[in-house]
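File shown here: protein-v6.csv, holding CSV, C-alpha atoms.
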```
chain,number,residue,atom,x,y,z
Z,1,MET,CA,-38.5,8.6,17.3
Z,2,GLN,CA,-36.1,5.7,16.7
Z,3,LYS,CA,-36.4,3.2,19.6
Z,4,PRO,CA,-33.0,2.2,21.1
Z,5,PHE,CA,-31.5,-1.0,19.8
Z,6,ASP,CA,-31.3,-3.9,22.2
Z,7,ASP,CA,-27.7,-4.6,21.1
Z,8,PRO,CA,-25.3,-1.8,22.1
Z,9,THR,CA,-23.1,-2.4,19.1
Z,10,ASN,CA,-26.0,-2.0,16.7
Z,11,GLN,CA,-26.9,1.2,18.6
Z,12,LEU,CA,-23.4,2.5,18.3
Z,13,VAL,CA,-23.3,1.8,14.5
Z,14,HIS,CA,-26.5,3.5,14.0
Z,15,ASP,CA,-25.5,6.5,16.1
Z,16,LEU,CA,-22.2,7.0,14.3
Z,17,LEU,CA,-23.1,6.0,10.7
Z,18,GLY,CA,-26.7,6.8,10.6
Z,19,CYS,CA,-27.6,3.4,9.2
Z,20,SER,CA,-26.9,-0.3,9.8
Z,21,LEU,CA,-23.8,-2.2,8.6
Z,22,LEU,CA,-25.9,-3.7,5.9
Z,23,GLN,CA,-26.1,-0.3,4.2
Z,24,ILE,CA,-22.5,0.7,4.2
Z,25,THR,CA,-20.3,0.0,1.2
Z,26,ARG,CA,-16.8,0.6,2.6
Z,27,PRO,CA,-15.1,0.3,6.0
Z,28,TRP,CA,-15.1,3.2,8.4
Z,29,TRP,CA,-13.0,3.7,11.6
Z,30,ALA,CA,-14.2,5.4,14.8
Z,31,VAL,CA,-12.6,6.2,18.2
Z,32,LYS,CA,-14.0,6.9,21.6
Z,33,VAL,CA,-11.9,9.6,23.2
Z,34,ASP,CA,-11.8,11.1,26.7
Z,35,MET,CA,-12.8,14.7,27.1
Z,36,HIS,CA,-11.3,17.3,29.5
Z,37,ASP,CA,-14.5,17.3,31.5
Z,38,GLY,CA,-14.2,13.7,32.3
Z,39,GLY,CA,-16.8,12.5,29.8
Z,40,THR,CA,-16.2,10.8,26.5
Z,41,THR,CA,-17.1,11.5,22.9
Z,42,TRP,CA,-16.9,9.8,19.5
Z,43,ILE,CA,-15.0,10.7,16.4
Z,44,CYS,CA,-15.9,8.8,13.3
Z,45,GLU,CA,-14.3,8.8,9.8
Z,46,ALA,CA,-17.8,9.0,8.2
Z,47,HIS,CA,-18.5,12.4,9.6
Z,48,TRP,CA,-18.0,15.5,7.4
Z,49,LYS,CA,-15.9,18.4,8.6
Z,50,LYS,CA,-15.2,21.8,7.2
Z,51,ASP,CA,-11.8,22.0,5.6
Z,52,VAL,CA,-10.5,25.4,6.8
Z,53,TYR,CA,-7.2,24.8,4.9
Z,54,ARG,CA,-8.6,24.1,1.4
Z,55,GLY,CA,-12.2,25.2,1.8
Z,56,GLY,CA,-15.3,23.1,1.4
Z,57,GLU,CA,-15.9,19.9,3.3
Z,58,ARG,CA,-14.0,16.7,3.8
Z,59,LEU,CA,-14.4,13.4,5.7
Z,60,THR,CA,-12.8,13.1,9.1
Z,61,ASP,CA,-9.1,12.3,8.7
Z,62,TRP,CA,-6.9,10.5,11.1
Z,63,THR,CA,-3.8,12.6,10.6
Z,64,LYS,CA,-5.6,15.9,10.3
Z,65,ASP,CA,-8.1,15.5,13.0
Z,66,ILE,CA,-6.8,12.9,15.5
Z,67,VAL,CA,-3.0,13.4,15.3
Z,68,ALA,CA,-3.0,17.2,14.6
Z,69,ASN,CA,-5.3,17.8,17.6
Z,70,GLU,CA,-3.1,15.5,19.8
Z,71,LEU,CA,-6.0,13.2,20.6
Z,72,ASN,CA,-4.1,9.9,20.4
Z,73,ASP,CA,-3.5,9.9,24.2
Z,74,ALA,CA,-7.2,10.3,24.7
Z,75,ILE,CA,-8.3,7.3,22.7
Z,76,ARG,CA,-10.1,4.6,24.8
Z,77,GLU,CA,-11.6,2.5,22.1
Z,78,LEU,CA,-10.7,2.0,18.4
Z,79,TRP,CA,-13.3,0.5,16.1
Z,80,LEU,CA,-13.6,-0.6,12.5
Z,81,PHE,CA,-17.0,-1.0,10.9
Z,82,CYS,CA,-16.9,-3.4,7.9
Z,83,PRO,CA,-19.5,-3.7,5.1
Z,84,PRO,CA,-21.4,-6.9,4.3
Z,85,GLY,CA,-19.6,-9.3,2.0
Z,86,ARG,CA,-19.7,-12.8,0.6
Z,87,VAL,CA,-18.6,-14.5,3.9
Z,88,SER,CA,-20.0,-12.0,6.3
Z,89,PRO,CA,-23.4,-11.0,4.9
Z,90,ALA,CA,-24.3,-9.0,8.0
Z,91,GLY,CA,-21.0,-7.0,8.0
Z,92,ASN,CA,-18.5,-7.0,10.8
Z,93,THR,CA,-17.2,-4.8,13.6
Z,94,ALA,CA,-13.8,-4.9,15.2
Z,95,MET,CA,-12.7,-3.2,18.3
Z,96,PHE,CA,-9.6,-2.7,20.4
Z,97,PRO,CA,-9.8,-1.3,23.9
Z,98,ILE,CA,-6.8,1.0,24.2
Z,99,ILE,CA,-5.2,0.5,27.6
Z,100,GLU,CA,-1.9,2.3,27.1
Z,101,LYS,CA,-1.9,5.8,25.7
Z,102,GLY,CA,-0.4,6.5,22.3
Z,103,THR,CA,-0.7,2.9,21.1
Z,104,ALA,CA,-3.7,3.1,18.8
Z,105,PHE,CA,-3.3,3.6,15.0
Z,106,GLN,CA,-5.2,3.3,11.8
Z,107,LEU,CA,-4.2,3.2,8.2
Z,108,LYS,CA,-5.2,2.0,4.8
Z,109,VAL,CA,-3.4,0.1,2.1
Z,110,GLY,CA,-3.9,1.4,-1.4
Z,111,HIS,CA,-2.8,0.3,-4.9
Z,112,PHE,CA,-2.3,2.4,-8.0
Z,113,PHE,CA,-2.5,0.5,-11.3
Z,114,SER,CA,-1.1,1.8,-14.6
Z,115,ASN,CA,-0.5,0.2,-17.9
Z,116,ILE,CA,2.4,2.6,-18.2
Z,117,ALA,CA,1.4,4.2,-21.4
Z,118,SER,CA,-1.6,6.0,-20.0
Z,119,SER,CA,-3.2,7.2,-16.8
Z,120,GLY,CA,-4.0,4.7,-14.2
Z,121,TYR,CA,-6.5,4.3,-11.4
Z,122,LYS,CA,-6.2,3.7,-7.7
Z,123,GLN,CA,-8.2,1.6,-5.2
Z,124,THR,CA,-8.1,1.1,-1.4
Z,125,ARG,CA,-7.1,-2.5,-0.8
Z,126,ALA,CA,-7.4,-2.7,2.9
Z,127,ALA,CA,-8.4,-0.8,6.1
Z,128,LEU,CA,-6.5,-1.6,9.3
Z,129,ILE,CA,-6.8,-0.7,12.9
Z,130,GLY,CA,-4.1,-1.7,15.3
Z,131,ARG,CA,-2.6,-1.2,18.7
Z,132,VAL,CA,1.0,-1.6,19.9
Z,133,THR,CA,1.3,-4.4,22.4
Z,134,ASP,CA,5.0,-4.1,23.3
Z,135,LYS,CA,6.4,-0.6,23.2
Z,136,GLY,CA,10.0,-1.8,23.3
Z,137,SER,CA,9.9,-4.0,20.2
Z,138,GLY,CA,7.0,-2.2,18.5
Z,139,ALA,CA,5.1,-5.5,18.3
Z,140,CYS,CA,1.4,-4.9,17.6
Z,141,GLU,CA,-1.8,-6.6,16.7
Z,142,ALA,CA,-4.3,-5.6,14.1
Z,143,PHE,CA,-7.7,-6.2,12.5
Z,144,ILE,CA,-7.4,-6.0,8.7
Z,145,TYR,CA,-10.4,-5.6,6.4
Z,146,ASP,CA,-9.4,-6.6,2.9
Z,147,VAL,CA,-11.7,-4.7,0.5
Z,148,GLN,CA,-11.1,-6.9,-2.5
Z,149,LEU,CA,-11.6,-10.2,-0.7
Z,150,GLU,CA,-14.4,-8.7,1.5
Z,151,VAL,CA,-12.9,-10.5,4.5
Z,152,LEU,CA,-11.9,-9.3,8.0
Z,153,PHE,CA,-8.7,-10.8,9.2
Z,154,ALA,CA,-9.0,-10.8,12.9
Z,155,PRO,CA,-6.8,-10.3,14.8
Z,156,TRP,CA,-3.3,-10.8,13.5
Z,157,SER,CA,-0.2,-11.0,15.8
Z,158,THR,CA,2.9,-13.0,16.3
Z,159,THR,CA,2.0,-15.4,19.1
Z,160,MET,CA,4.2,-17.0,21.7
Z,161,ASP,CA,3.4,-20.4,23.1
Z,162,THR,CA,4.7,-19.6,26.6
Z,163,LEU,CA,4.2,-23.2,27.8
Z,164,HIS,CA,6.6,-24.7,25.3
Z,165,GLY,CA,8.5,-21.6,24.5
Z,166,ILE,CA,7.6,-21.9,20.8
Z,167,ARG,CA,7.0,-18.8,18.7
Z,168,GLU,CA,4.5,-19.3,15.9
Z,169,GLU,CA,5.8,-17.6,12.8
Z,170,SER,CA,3.6,-15.8,10.5
Z,171,PRO,CA,4.0,-13.8,7.3
Z,172,TRP,CA,2.3,-11.1,9.4
Z,173,ARG,CA,5.2,-9.6,11.4
Z,174,PRO,CA,3.6,-7.0,13.5
Z,175,GLY,CA,6.0,-4.3,14.3
Z,176,VAL,CA,5.6,-0.5,13.9
Z,177,TYR,CA,9.4,-0.2,13.9
Z,178,GLU,CA,10.5,-2.8,11.4
Z,179,GLY,CA,7.3,-3.2,9.4
Z,180,LEU,CA,4.0,-5.1,9.6
Z,181,GLY,CA,4.6,-7.8,7.0
Z,182,THR,CA,1.8,-9.0,4.7
Z,183,TRP,CA,-1.4,-11.0,5.1
Z,184,ILE,CA,-1.3,-12.2,1.5
Z,185,PRO,CA,2.4,-13.0,0.5
Z,186,GLY,CA,3.2,-12.3,-3.1
Z,187,SER,CA,0.1,-10.1,-3.8
Z,188,ILE,CA,0.4,-7.6,-1.0
Z,189,ALA,CA,3.9,-6.3,-0.4
Z,190,PRO,CA,5.0,-6.4,3.3
Z,191,VAL,CA,4.0,-3.1,4.8
Z,192,PRO,CA,7.2,-1.3,5.8
Z,193,ALA,CA,8.0,0.5,9.0
Z,194,LEU,CA,5.3,3.0,9.9
Z,195,ALA,CA,5.6,6.8,10.1
Z,196,HIS,CA,4.8,7.3,13.8
Z,197,ASP,CA,4.3,11.1,13.4
Z,198,VAL,CA,1.7,10.6,10.7
Z,199,LEU,CA,-0.2,8.0,12.6
Z,200,GLY,CA,0.2,9.5,16.1
Z,201,ILE,CA,2.0,6.5,17.6
Z,202,GLN,CA,3.7,7.6,20.7
Z,203,ILE,CA,5.7,4.8,22.2
Z,204,GLY,CA,9.3,6.0,21.9
T,1,MET,CA,15.9,-6.3,-26.0
T,2,ILE,CA,12.8,-4.4,-26.9
T,3,ASP,CA,14.2,-1.2,-28.4
T,4,ARG,CA,11.0,0.7,-29.1
T,5,PHE,CA,8.0,1.7,-27.0
T,6,TYR,CA,4.6,2.7,-28.3
T,7,ALA,CA,1.5,3.9,-26.7
T,8,PHE,CA,-1.8,3.1,-28.5
T,9,SER,CA,-5.0,4.9,-27.9
T,10,ALA,CA,-6.9,2.7,-30.4
T,11,ASP,CA,-6.1,-0.1,-32.9
T,12,GLY,CA,-3.8,1.5,-35.4
T,13,THR,CA,-3.4,4.7,-33.5
T,14,GLY,CA,0.0,4.6,-31.9
T,15,LEU,CA,2.6,7.0,-30.7
T,16,GLN,CA,6.2,6.1,-30.3
T,17,ILE,CA,7.7,7.1,-27.0
T,18,THR,CA,11.0,8.4,-28.3
T,19,THR,CA,12.5,8.7,-24.9
T,20,TYR,CA,12.7,4.9,-24.7
T,21,ASP,CA,15.3,3.1,-26.8
T,22,GLY,CA,16.0,0.0,-24.8
T,23,THR,CA,19.2,1.4,-23.3
T,24,ASN,CA,20.2,3.1,-20.1
T,25,THR,CA,20.6,6.5,-21.7
T,26,LYS,CA,17.2,8.0,-21.1
T,27,ALA,CA,16.6,9.1,-17.6
T,28,ARG,CA,13.2,10.8,-17.7
T,29,VAL,CA,10.9,8.2,-19.4
T,30,ILE,CA,8.2,7.6,-16.8
T,31,ARG,CA,7.2,9.3,-13.6
T,32,LEU,CA,4.4,9.0,-11.1
T,33,ASP,CA,2.7,12.3,-10.2
T,34,PHE,CA,1.4,12.6,-6.6
T,35,SER,CA,-1.0,15.3,-5.5
T,36,ALA,CA,-0.8,17.1,-2.1
T,37,ASP,CA,-3.9,15.4,-0.7
T,38,GLY,CA,-2.4,12.3,1.0
T,39,SER,CA,-0.6,11.5,4.2
T,40,PRO,CA,1.7,8.5,3.4
T,41,ALA,CA,2.1,6.3,6.4
T,42,SER,CA,5.1,4.2,5.2
T,43,ALA,CA,7.5,3.8,2.4
T,44,MET,CA,6.0,3.1,-1.0
T,45,GLN,CA,6.6,0.0,-3.1
T,46,TRP,CA,6.2,-0.8,-6.8
T,47,SER,CA,6.5,-3.7,-9.2
T,48,ILE,CA,4.9,-5.3,-12.3
T,49,PHE,CA,1.9,-7.7,-12.3
T,50,THR,CA,0.0,-9.3,-15.1
T,51,ASP,CA,-3.3,-7.7,-14.0
T,52,SER,CA,-5.2,-6.3,-11.1
T,53,THR,CA,-5.8,-9.7,-9.5
T,54,LEU,CA,-2.2,-9.3,-8.2
T,55,THR,CA,-1.6,-13.0,-8.7
T,56,ALA,CA,2.0,-13.6,-7.7
T,57,PRO,CA,4.2,-14.3,-10.7
T,58,VAL,CA,5.7,-17.8,-10.8
T,59,ALA,CA,9.4,-17.6,-11.5
T,60,GLY,CA,10.4,-19.6,-14.5
T,61,ALA,CA,6.9,-20.8,-15.5
T,62,GLN,CA,5.8,-20.0,-19.0
T,63,ASN,CA,2.0,-20.0,-18.7
T,64,PRO,CA,-0.8,-19.1,-21.1
T,65,VAL,CA,-2.1,-15.6,-20.8
T,66,ALA,CA,-5.3,-16.7,-19.1
T,67,ALA,CA,-3.5,-17.9,-16.0
T,68,HIS,CA,-3.1,-14.3,-14.6
T,69,ASN,CA,0.6,-14.7,-15.2
T,70,ASP,CA,2.6,-13.5,-18.2
T,71,THR,CA,5.8,-14.5,-19.9
T,72,PHE,CA,7.6,-11.2,-18.9
T,73,THR,CA,7.1,-11.2,-15.2
T,74,ASN,CA,7.6,-15.0,-14.8
T,75,GLY,CA,11.0,-15.1,-16.6
T,76,PHE,CA,12.6,-18.3,-17.7
T,77,ASN,CA,15.7,-20.4,-16.9
T,78,PRO,CA,18.3,-19.9,-18.2
T,79,ASP,CA,17.3,-16.7,-20.1
T,80,THR,CA,16.8,-14.6,-17.0
T,81,GLY,CA,18.9,-16.6,-14.5
T,82,THR,CA,19.1,-19.9,-12.8
T,83,SER,CA,19.4,-19.7,-9.0
T,84,VAL,CA,17.2,-16.6,-9.1
T,85,ILE,CA,15.0,-16.7,-12.2
T,86,THR,CA,14.3,-13.1,-12.7
T,87,ALA,CA,11.7,-11.3,-14.7
T,88,TYR,CA,12.4,-10.1,-18.2
T,89,ILE,CA,11.5,-6.6,-17.0
T,90,LYS,CA,14.1,-4.5,-15.2
T,91,GLY,CA,13.3,-1.3,-13.3
T,92,THR,CA,15.0,1.5,-11.6
T,93,CYS,CA,13.9,4.7,-9.9
T,94,PHE,CA,15.5,7.9,-8.6
T,95,ASP,CA,15.4,7.9,-4.8
T,96,GLN,CA,11.8,7.8,-3.6
T,97,GLY,CA,10.6,10.9,-5.3
T,98,LEU,CA,10.1,12.9,-2.2
T,99,THR,CA,12.0,12.6,1.0
T,100,SER,CA,10.4,12.5,4.5
T,101,GLY,CA,11.7,16.0,4.8
T,102,GLY,CA,9.9,17.2,1.7
T,103,ILE,CA,12.8,17.4,-0.8
T,104,GLN,CA,11.9,16.6,-4.3
T,105,ARG,CA,14.4,14.3,-6.0
T,106,THR,CA,14.6,14.9,-9.7
T,107,PRO,CA,17.3,13.1,-11.8
T,108,SER,CA,19.4,14.8,-14.4
T,109,ALA,CA,18.7,14.0,-18.1
T,110,GLY,CA,20.8,11.3,-19.6
T,111,ALA,CA,22.3,8.1,-18.4
T,112,VAL,CA,20.5,5.8,-15.9
T,113,GLY,CA,23.2,3.9,-14.2
T,114,THR,CA,24.9,0.8,-15.6
T,115,MET,CA,23.1,-1.2,-18.4
T,116,PRO,CA,21.4,-4.3,-16.9
T,117,THR,CA,21.5,-7.7,-18.4
T,118,ALA,CA,18.7,-10.2,-18.8
T,119,THR,CA,19.7,-11.8,-15.5
T,120,THR,CA,19.9,-8.6,-13.5
T,121,GLY,CA,18.0,-8.5,-10.2
T,122,VAL,CA,17.8,-10.1,-6.8
T,123,ALA,CA,15.0,-11.8,-4.9
T,124,GLY,CA,12.7,-9.7,-2.8
T,125,ALA,CA,12.9,-6.0,-2.3
T,126,VAL,CA,15.6,-3.5,-3.2
T,127,ALA,CA,15.6,-0.2,-1.4
T,128,VAL,CA,16.1,3.0,-3.2
T,129,THR,CA,19.3,5.0,-3.0
T,130,SER,CA,19.3,8.5,-1.6
T,131,ASN,CA,19.4,11.2,-4.4
T,132,ASN,CA,20.5,8.6,-6.9
T,133,TRP,CA,19.3,5.8,-9.1
T,134,LEU,CA,18.8,2.3,-7.7
T,135,ASN,CA,21.9,0.7,-6.0
T,136,SER,CA,23.8,4.0,-6.2
T,137,ASN,CA,23.6,4.1,-10.0
T,138,GLY,CA,25.0,0.5,-10.1
T,139,ALA,CA,22.3,-2.0,-10.9
T,140,TRP,CA,18.6,-2.2,-11.7
T,141,GLN,CA,16.1,-4.6,-10.1
T,142,HIS,CA,13.9,-7.1,-11.8
T,143,LEU,CA,10.1,-6.7,-11.4
T,144,GLN,CA,8.2,-9.8,-10.4
T,145,GLY,CA,5.3,-9.0,-8.3
T,146,PHE,CA,5.6,-8.3,-4.6
T,147,SER,CA,7.6,-11.3,-3.6
T,148,GLY,CA,9.9,-12.2,-6.5
T,149,GLY,CA,11.3,-8.8,-7.1
T,150,TYR,CA,10.2,-5.2,-6.4
T,151,ILE,CA,11.5,-1.8,-5.4
T,152,GLN,CA,10.8,-0.1,-2.0
T,153,GLY,CA,11.3,3.5,-0.8
T,154,ALA,CA,13.3,4.4,2.2
T,155,ASN,CA,10.5,5.8,4.4
T,156,ALA,CA,7.2,7.7,4.1
T,157,PRO,CA,7.3,10.8,1.9
T,158,GLN,CA,6.4,14.0,3.5
T,159,ALA,CA,2.6,14.3,4.1
T,160,THR,CA,0.3,16.6,2.1
T,161,THR,CA,3.1,17.5,-0.4
T,162,ALA,CA,2.8,17.1,-4.2
T,163,PHE,CA,5.8,15.4,-5.9
T,164,ASP,CA,7.0,13.3,-8.8
T,165,TRP,CA,8.7,9.9,-8.7
T,166,TYR,CA,10.9,9.2,-11.7
T,167,LEU,CA,11.1,5.6,-12.9
T,168,ASP,CA,12.7,3.7,-15.8
T,169,LEU,CA,12.0,0.3,-17.3
T,170,LEU,CA,13.7,-2.0,-19.7
T,171,PHE,CA,12.1,-5.0,-21.4
T,172,PHE,CA,14.2,-8.0,-22.5
T,173,LEU,CA,13.2,-10.8,-24.9
T,174,GLY,CA,14.3,-14.4,-24.7
T,175,ALA,CA,14.1,-17.7,-26.4
T,176,GLY,CA,12.1,-19.2,-23.5
T,177,MET,CA,9.2,-16.8,-23.7
T,178,THR,CA,5.7,-18.0,-24.6
T,179,ASN,CA,4.3,-16.4,-27.7
T,180,GLY,CA,1.2,-14.3,-27.2
T,181,ALA,CA,-0.2,-10.8,-26.6
T,182,TYR,CA,0.4,-9.5,-23.1
T,183,THR,CA,-0.7,-6.6,-21.1
T,184,MET,CA,0.9,-5.8,-17.8
T,185,LEU,CA,0.3,-3.4,-15.0
T,186,LEU,CA,2.7,-1.2,-13.0
T,187,VAL,CA,1.4,-1.5,-9.5
T,188,LEU,CA,2.3,1.0,-6.7
T,189,GLN,CA,1.4,0.0,-3.2
T,190,TYR,CA,1.1,2.8,-0.6
T,191,THR,CA,-0.3,3.2,2.9
T,192,PHE,CA,-2.1,6.3,4.1
T,193,SER,CA,-4.0,7.6,7.0
```
Final structure tokens representation of the file:
Amino acid sequence: MQKPFDDPTNQLVHDLLGCSLLQITRPWWAVKVDMHDGGTTWICEAHWKKDVYRGGERLTDWTKDIVANELNDAIRELWLFCPPGRVSPAGNTAMFPIIEKGTAFQLKVGHFFSNIASSGYKQTRAALIGRVTDKGSGACEAFIYDVQLEVLFAPWSTTMDTLHGIREESPWRPGVYEGLGTWIPGSIAPVPALAHDVLGIQIG
Amino acid sequence: MIDRFYAFSADGTGLQITTYDGTNTKARVIRLDFSADGSPASAMQWSIFTDSTLTAPVAGAQNPVAAHNDTFTNGFNPDTGTSVITAYIKGTCFDQGLTSGGIQRTPSAGAVGTMPTATTGVAGAVAVTSNNWLNSNGAWQHLQGFSGGYIQGANAPQATTAFDWYLDLLFFLGAGMTNGAYTMLLVLQYTFS
């Protein structure tokens, strides 16, 4: 029987992914949600589910399994497990505690490439977990794992220096209403306003 | 103006795309086909890059092919403009393909708005027009990566719905171009859950 890990994060990773971060090859999200009986449970993207709509099996999906089951309000922790890379050979984990209901979201950025005259190919460029920090403006913060660069950008937000009243501008303009901006200007197009119904953002 | 468009599957094995003639009279030249598997989380964006490194084009710079830039997307002053040095490639599209409410937008065959010039295009993003070609059938956009010039949808297409997004491209030639053989990629950026 596997002995418990001394580090709770390592234990969590092993419990949800069945392996260590060193053995994963792509990022995975996971959420800790409240249950009706007062306990908590985990939902992880890496878990397979039966697809009653199309038949067969599929990976856990944010829209189909979190949003469709109205679980956004029950999210207490939002995690991102990142594979090892050149600058983080042990992998990375990122986590947001979700204090306000309906503020957690997750999405991926993808690119489709085509030389126009023939079929193309697609790739996932980034995995992102975020939480809304100001419901009125839609301002948010996020962890972004860039799959191509193998780097976790952590965390990104527009900051306010309250002592001097200076706002530090950044190409990352966190806002679920007006758009998130970009973490690599010129190469990554600024992410436009998010579809709240698809992601389960409930702040309006 | 490049007035003919060929697709090659091998050296010496080419097929002319007869729906491209370098004018604005061919509406259904290119389209992107989307399956019903995805849940888009925001509007989609598309542009042209030299290759998959997504190195941002440098407006006005005529670089060798090896620099991850190309003569078409960089453009050149004054061929493609002065205050805004646009790309030699102009693009347009019909709405965003599928509305957030699930309506497929398909253009009629025939003319695609006004004919662009070599200097057509503005800096940054141009948003699509509802149920029409770009800028309400009035002007194309230049395609210069995701900062110089690109096209953006209005909002997220309806989730788990198959659709087509109709595009059109025009390639200009100019005296300032650097000679060479170039390949370019049409790049679509999308978000999904």
Please report as a PyMOL selection string which residues of chain T come no farther than 7 Å from chain Z, using all atoms listed in the file. chain T and resi 7+39+41-43+54-56+145-147+156+184-193
One residue among T:Gln62, T:Thr117, T:Asn131, T:Thr106 is nearest to Gly81 of chain T when using all atoms listed in the file, and that residue is T:Thr117
Hey, what's within 9 Å of Val126 of chain T if we count only C-alpha atoms and toss same-chain stuff fewer than 2 positions away? As a PyMOL selection string, please? chain T and resi 121-124+128+134-135+141+149-153
Would you compute the distance between atom CA of Leu15 of chain T and atom CA of Leu167 of chain T? Give it in Å to one decimal.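 Computing the Euclidean distance for atom CA of Leu15 of chain T and atom CA of Leu167 of chain T yields 19.8 Å.
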Quick one, how far is atom CA of Gly38 of chain Z from atom CA of His14 of chain Z?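 Taking atom CA of Gly38 of chain Z and atom CA of His14 of chain Z, their separation equals 24.3 Å.
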Residue contacts of Pro97 of chain Z (9 Å, all atoms listed in the file) excluding same-chain residues fewer than 2 positions away, as a PyMOL selection string: chain Z and resi 75-79+95+99+131
